[in-house]
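What follows is one structure encoded as C-alpha cells, with my remarks underneath.
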Amino acid sequence: MRRFSPAFMAFLFAATLPLAADSLVVKCGKLLDPATKSVRTNVTVAIDGRGVVAAAPAGAKVLDLSTYTCLPGLIDAHTHLLLQGDATSAEYDEQVLKESTPYRALRAAAAGRIALDHGFTTLRDLGTEGAGFTDVDLKKAFALGILPGPRVVTSGPAMGTTGSYPLLGFSWERKMPDGVLKCDGADDCRKAVRYQVQNGVDWIKLYADRSYYRAPDGGWASIANYTPEEIRAIVDEAHRLRKKVAAHSMTPTGHRSALAAGVDSIEHGDILDEETVKAMAARKIPYCPTITVADFVKGPRSKTNPIWDQLWTASQDSFRRAYAAGVPIAFGTDAGGFDWDKRSQAEEFSFMVLWGMTPWDAIRSATTVAAELLGPSPDGKLGCLDPGCVADLIAVSGDPLANVKILEDVKTVVAAGKIVKSPR
Ligand SMILES: [Zn+2]
C-alpha cells in the first residue's frame with residue numbers, strides 16, 4: 001500500500017470537513033433595518049461563525065462595504081428548486097417525464113446558486129414536482145457547504161388528491177408519474193403527512209383547489225381538491241407533528257376550504273374576496289402573491305385559456321385589497337415556475353410597488369414578514385442583522401427605498417457567515 005505524508009493526510013482530512021464559516025466584520029455605509037423601518041449609517045456588523053454577534057471576534061476579516069447599502073439576506077417563501085420553468089403543461093410534462101431525478105437535482109443545485117447570487121439566502125421550497133424528497137438532500141448539501149446554495153425550508157413532494165394534479169391527460173393504460181403525493185380519505189391523508197415528516201420535510205404543502213372558472217353570476221370559483229374531512233386531517237396531523245401547512249389556493253372556493261381547516265399560509269391567492277381578506281387579516285394568515293410567475297405564464301397559457309389573463313388582472317385588486325386590510329404579505333415568487341436563469345426573483349419587488357405597496361413594506365415582506373412566517377432557523381433568527389440573527393447579509397449600490405429595482409442587482413452576498421459573492 002502506498003504511504004502518504006502526515007501533512008498530505010491532514011490536508012485530505014481537512015478537505016472532507018464542511019467549510020468553516022468566516023469571522024467577519026462587515027462595514028456598511030448604510031444599513032436598512034426592516035424591523036424598525038430605519039436607515040442607519042456607518043454600521044458595523046460583527047459575525048462569529050454563522051451568526052451575528054455584538055462584538056467582533058479578534059482577528060476577524062474585514063469586509064468593506066462602506067460605499068454600499070446593506071440589508072438582511074432576502075427570503076423567497078415560495079419556490080420550486082426542482083423545476084426549470086413551465087409556462088405550459090407540455091413544458092412541465094417534459095421535465096417530469098424525460099429528466100431523471102439525478103439530472104433534475106443537478107439543475108436544482110445550479111438554481112440554488114443563482115438564488116444566492118440574487119441575494120436570496122433562504123427559500124421555502126414548496127414542492128419537488130415528482131422528484132420525491134430531493135429538496136431534503138439539497139438542503140443538506142447546501143447547509144454542509146458541499147455546494148453553494150441558500151438555506152432551504154423543505155416540503156418534499158407536496159400533496160394532492162387522485163386526479164387533481166399533473167401528470168394528466170395521458171392514456172389510461174400508462175402508469176404516469178405524479179407531480180404530488182396523492183392521498184384520498186382522512187386516514188390516508190394523515191398517513192401521507194406522517195410519511196412526509198418521516199422523510200424530513202419542514203413544512204406540509206397542499207393543493208387546495210384547481211380548475212378555476214367564472215361562475216354564472218360572474219364570481220370566481222374552482223374545484224376544492226379535498227373534502228373537509230380530508231383537509232382537516234392533513235392540517236391537524238401536521239400541526240400535531242409541529243409542522244405548518246402552506247395551501248395553494250387561487251379562488252374563494254379554495255380559500256374557504258383551506259382556512260376552515262386551519263392552514264398557515266395561502267399561496268397565490270389570485271382572487272381574494274372581501275370575506276377571505278377579512279378572515280386572513282383577523283387571523284394574521286399571510287399570503288404569498290407570486291406575481292412574477294403570474295406575469296410569466298399569462299401569455300403562453302392565455303393562448304388556450306383566457307382565464308389566465310383575467311386572473312392576472314383580478315389579482316392586482318386582490319393584492320391591493322389584502323394590503324389595505326393588513327393581511328401579512330410574505331414575499332414569494334414561485335421561482336422554478338419561471339426559469340431561474342432567465343428572470344430574477346427580485347422582479348417581484350417592482351411588481352409589489354407598482355401595485356401600491358411602499359418600498360419599505362416590499363422589503364419587509366422579503367425579510368421581517370417572511371421570517372415571521374418561517375419562524376427561527378436552528379442557527380438564528382431570519383430576516384434581521386441584530387445579535388442572534390443568522391449571518392445572512394446583502395449589499396446593493398444606491399438606495400432601494402428610492403428605487404426597488406436596485407434589488408435586482410445585488411453586489412455582495414454573505415450567507416451563513418461566508419462571503420459567497422464579493423463586491424464588484
Ligand atoms: Zn408553486
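In the C-alpha cells, the first chain shown is A, the next is B, and so on; residue numbers restart at 1 for each chain, and ligands run from 1 in the order shown.
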
Closest atom pairs, residues of chain A within 10 Å of ligand 1, only C-alpha atoms and all ligand atoms, as CSV:
```
residue,atom,partner,partner_atom_place_in_ligand_line,distance
A:Ala77,CA,ligand 1,1 (Zn),9.9
A:His78,CA,ligand 1,1 (Zn),6.2
A:Thr79,CA,ligand 1,1 (Zn),6.1
A:His80,CA,ligand 1,1 (Zn),6.4
A:Leu83,CA,ligand 1,1 (Zn),9.6
A:Asp125,CA,ligand 1,1 (Zn),8.3
A:Leu126,CA,ligand 1,1 (Zn),6.0
A:Gly127,CA,ligand 1,1 (Zn),7.1
A:Thr128,CA,ligand 1,1 (Zn),9.6
A:Glu129,CA,ligand 1,1 (Zn),9.5
A:Ala158,CA,ligand 1,1 (Zn),9.9
A:Lys205,CA,ligand 1,1 (Zn),9.5
A:Tyr207,CA,ligand 1,1 (Zn),9.6
A:Ala247,CA,ligand 1,1 (Zn),9.8
A:His248,CA,ligand 1,1 (Zn),7.4
A:Glu267,CA,ligand 1,1 (Zn),7.6
A:His268,CA,ligand 1,1 (Zn),8.1
A:Cys288,CA,ligand 1,1 (Zn),9.8
A:Thr290,CA,ligand 1,1 (Zn),8.1
A:Val293,CA,ligand 1,1 (Zn),8.8
A:Gly332,CA,ligand 1,1 (Zn),9.0
A:Thr333,CA,ligand 1,1 (Zn),8.1
A:Asp334,CA,ligand 1,1 (Zn),4.8
A:Ala335,CA,ligand 1,1 (Zn),7.7
A:Gly336,CA,ligand 1,1 (Zn),8.0
A:Gly337,CA,ligand 1,1 (Zn),6.7
```

**OP:** Would you return as a PyMOL selection string the members of region 74-148 of chain A that DSSP assigns to helix (DSSP H, G or I) on this structure's backbone?
**Re:** chain A and resi 89-98+101-117+134-143

**OP:** Check the DSSP output for the backbone and give back, as a ChimeraX atom specification, the residues of region 307-404 of chain A in strand (DSSP E or B).
**Re:** /A:329,335,338,377,380-381,389-390,393-396

Original post:
Neighbours of region 312-324 of chain A within 8 Å (only C-alpha atoms; same-chain residues fewer than 4 positions away dropped), as number ranges by chain?
Top reply: A: 269-274, 277, 281, 289, 294-295, 298, 308, 328-329, 355-357

Write a file of the just-selected residues containing all heavy atoms, as a short mmCIF file (atom, residue, chain, number, x, y, z; two decimals), in the first residue's frame.
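Result file selection-v3.cif:
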```cif
data_model
loop_
_atom_site.label_atom_id
_atom_site.label_comp_id
_atom_site.auth_asym_id
_atom_site.auth_seq_id
_atom_site.Cartn_x
_atom_site.Cartn_y
_atom_site.Cartn_z
N GLY A 269 -53.30 33.09 -4.08
CA GLY A 269 -54.45 33.91 -3.66
C GLY A 269 -54.86 34.91 -4.73
O GLY A 269 -55.15 36.07 -4.41
N ASP A 270 -54.92 34.47 -5.98
CA ASP A 270 -55.21 35.41 -7.07
C ASP A 270 -56.54 36.14 -6.87
O ASP A 270 -56.65 37.32 -7.16
CB ASP A 270 -55.24 34.67 -8.42
CG ASP A 270 -53.83 34.36 -8.91
OD1 ASP A 270 -52.97 34.04 -8.07
OD2 ASP A 270 -53.59 34.46 -10.12
N ILE A 271 -57.54 35.41 -6.39
CA ILE A 271 -58.86 36.03 -6.18
C ILE A 271 -59.15 36.05 -4.68
O ILE A 271 -59.60 35.05 -4.11
CB ILE A 271 -59.97 35.24 -6.92
CG1 ILE A 271 -59.58 35.00 -8.39
CG2 ILE A 271 -61.30 35.98 -6.79
CD1 ILE A 271 -59.38 36.26 -9.22
N LEU A 272 -58.88 37.18 -4.07
CA LEU A 272 -59.15 37.32 -2.63
C LEU A 272 -60.38 38.22 -2.48
O LEU A 272 -60.29 39.43 -2.67
CB LEU A 272 -57.96 37.95 -1.91
CG LEU A 272 -56.66 37.14 -1.88
CD1 LEU A 272 -55.53 37.96 -1.27
CD2 LEU A 272 -56.83 35.84 -1.10
N ASP A 273 -61.52 37.62 -2.16
CA ASP A 273 -62.73 38.43 -1.97
C ASP A 273 -62.74 39.03 -0.56
O ASP A 273 -61.86 38.73 0.26
CB ASP A 273 -63.99 37.60 -2.24
CG ASP A 273 -64.09 36.39 -1.32
OD1 ASP A 273 -63.11 36.11 -0.59
OD2 ASP A 273 -65.13 35.71 -1.33
N GLU A 274 -63.73 39.89 -0.32
CA GLU A 274 -63.80 40.60 0.98
C GLU A 274 -63.82 39.62 2.16
O GLU A 274 -63.14 39.83 3.16
CB GLU A 274 -65.04 41.50 1.03
CG GLU A 274 -64.94 42.77 0.20
CD GLU A 274 -63.85 43.73 0.68
OE1 GLU A 274 -63.35 43.57 1.81
OE2 GLU A 274 -63.47 44.62 -0.11
N VAL A 277 -60.33 38.12 2.72
CA VAL A 277 -59.40 39.13 3.24
C VAL A 277 -59.69 39.41 4.71
O VAL A 277 -58.77 39.51 5.53
CB VAL A 277 -59.51 40.42 2.37
CG1 VAL A 277 -58.95 41.61 3.09
CG2 VAL A 277 -58.79 40.21 1.05
N ALA A 281 -56.97 38.67 7.57
CA ALA A 281 -56.47 39.80 8.37
C ALA A 281 -56.73 39.55 9.85
O ALA A 281 -55.86 39.79 10.69
CB ALA A 281 -57.13 41.09 7.92
N PRO A 289 -48.11 36.33 -2.85
CA PRO A 289 -48.81 36.66 -4.10
C PRO A 289 -48.22 36.04 -5.38
O PRO A 289 -48.93 35.89 -6.35
CB PRO A 289 -48.70 38.19 -4.15
CG PRO A 289 -48.23 38.63 -2.81
CD PRO A 289 -47.48 37.50 -2.22
N ALA A 294 -47.01 34.72 -12.26
CA ALA A 294 -48.29 35.02 -12.93
C ALA A 294 -48.02 35.82 -14.20
O ALA A 294 -48.65 35.60 -15.24
CB ALA A 294 -49.21 35.78 -11.99
N ASP A 295 -47.06 36.74 -14.12
CA ASP A 295 -46.68 37.53 -15.30
C ASP A 295 -46.06 36.63 -16.36
O ASP A 295 -46.31 36.78 -17.55
CB ASP A 295 -45.69 38.62 -14.87
CG ASP A 295 -45.23 39.46 -16.04
OD1 ASP A 295 -46.09 40.02 -16.73
OD2 ASP A 295 -44.01 39.55 -16.27
N LYS A 298 -48.94 34.13 -17.99
CA LYS A 298 -50.22 34.61 -18.52
C LYS A 298 -50.26 34.62 -20.06
O LYS A 298 -51.29 34.27 -20.65
CB LYS A 298 -50.57 35.98 -17.94
CG LYS A 298 -49.70 37.14 -18.43
CD LYS A 298 -50.19 38.43 -17.77
CE LYS A 298 -49.63 39.70 -18.36
NZ LYS A 298 -48.16 39.83 -18.36
N TRP A 308 -56.37 32.93 -17.75
CA TRP A 308 -55.09 33.32 -17.15
C TRP A 308 -54.85 34.82 -17.25
O TRP A 308 -54.27 35.42 -16.33
CB TRP A 308 -53.95 32.51 -17.76
CG TRP A 308 -54.03 31.08 -17.33
CD1 TRP A 308 -54.59 30.04 -18.03
CD2 TRP A 308 -53.64 30.54 -16.07
NE1 TRP A 308 -54.56 28.89 -17.29
CE2 TRP A 308 -53.97 29.16 -16.06
CE3 TRP A 308 -53.03 31.07 -14.92
CZ2 TRP A 308 -53.72 28.32 -14.98
CZ3 TRP A 308 -52.77 30.23 -13.84
CH2 TRP A 308 -53.12 28.88 -13.88
N PRO A 328 -50.90 39.98 6.28
CA PRO A 328 -49.44 39.89 6.11
C PRO A 328 -49.12 39.36 4.71
O PRO A 328 -49.67 38.34 4.31
CB PRO A 328 -49.00 38.90 7.20
CG PRO A 328 -50.16 38.77 8.13
CD PRO A 328 -51.39 39.09 7.33
N ILE A 329 -48.27 40.07 3.98
CA ILE A 329 -47.91 39.64 2.63
C ILE A 329 -46.45 39.18 2.66
O ILE A 329 -45.54 39.98 2.86
CB ILE A 329 -48.13 40.78 1.61
CG1 ILE A 329 -49.63 41.16 1.59
CG2 ILE A 329 -47.66 40.34 0.22
CD1 ILE A 329 -49.99 42.28 0.63
N TRP A 355 -48.04 47.81 -7.76
CA TRP A 355 -49.41 47.52 -7.32
C TRP A 355 -49.76 48.22 -6.00
O TRP A 355 -50.73 47.88 -5.35
CB TRP A 355 -49.62 46.01 -7.20
CG TRP A 355 -49.64 45.30 -8.53
CD1 TRP A 355 -49.38 45.85 -9.76
CD2 TRP A 355 -49.94 43.92 -8.78
NE1 TRP A 355 -49.49 44.90 -10.74
CE2 TRP A 355 -49.83 43.71 -10.18
CE3 TRP A 355 -50.27 42.84 -7.95
CZ2 TRP A 355 -50.05 42.46 -10.77
CZ3 TRP A 355 -50.49 41.59 -8.53
CH2 TRP A 355 -50.38 41.41 -9.92
N GLY A 356 -48.94 49.14 -5.58
CA GLY A 356 -49.35 50.02 -4.48
C GLY A 356 -48.65 49.85 -3.15
O GLY A 356 -48.96 50.55 -2.18
N MET A 357 -47.70 48.93 -3.06
CA MET A 357 -47.00 48.73 -1.78
C MET A 357 -45.86 49.74 -1.67
O MET A 357 -45.27 50.13 -2.68
CB MET A 357 -46.45 47.30 -1.74
CG MET A 357 -46.05 46.83 -0.37
SD MET A 357 -45.48 45.11 -0.43
CE MET A 357 -46.60 44.35 0.73
#
```

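Ranking A:Gly73, A:Gly119, A:Pro400, A:Pro148 by their shortest atom-to-atom distance to Thr358 (chain A), with only C-alpha atoms included, puts A:Pro400 first.
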
Subject >> Proximity to Val53 (chain A) - best of A:Val414, A:Ser23, A:Gly169, A:Ile363, only C-alpha atoms >> reply: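 Selected residue with least distance to Val53 (chain A): A:Ser23.
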
**OP:** Extract, using only C-alpha atoms, all DNA, RNA and protein residues at most 10 Å from region 360-362 of chain A, discarding same-chain residues fewer than 4 positions from it, and format them as a list in words.
**Re:**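 Non-adjacent residues within range: Leu32, Asp33, Pro34, Ala35, Lys37, Ser38, Tyr323, Ile329, Ala330, Phe331, Glu348, Phe349, Ser350, Phe351, Met352, Val353, Gly356, Ala366, Thr367, Thr368, Val369, Pro400, Leu401, Ala402 and Val404 of chain A.
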
**OP:** Quick one: everything within 8 Å of Leu24 (chain A), counting only C-alpha atoms, minus sequence neighbours fewer than 2 positions away in the same chain. Send it as a count of residues only.
**Re:** 12
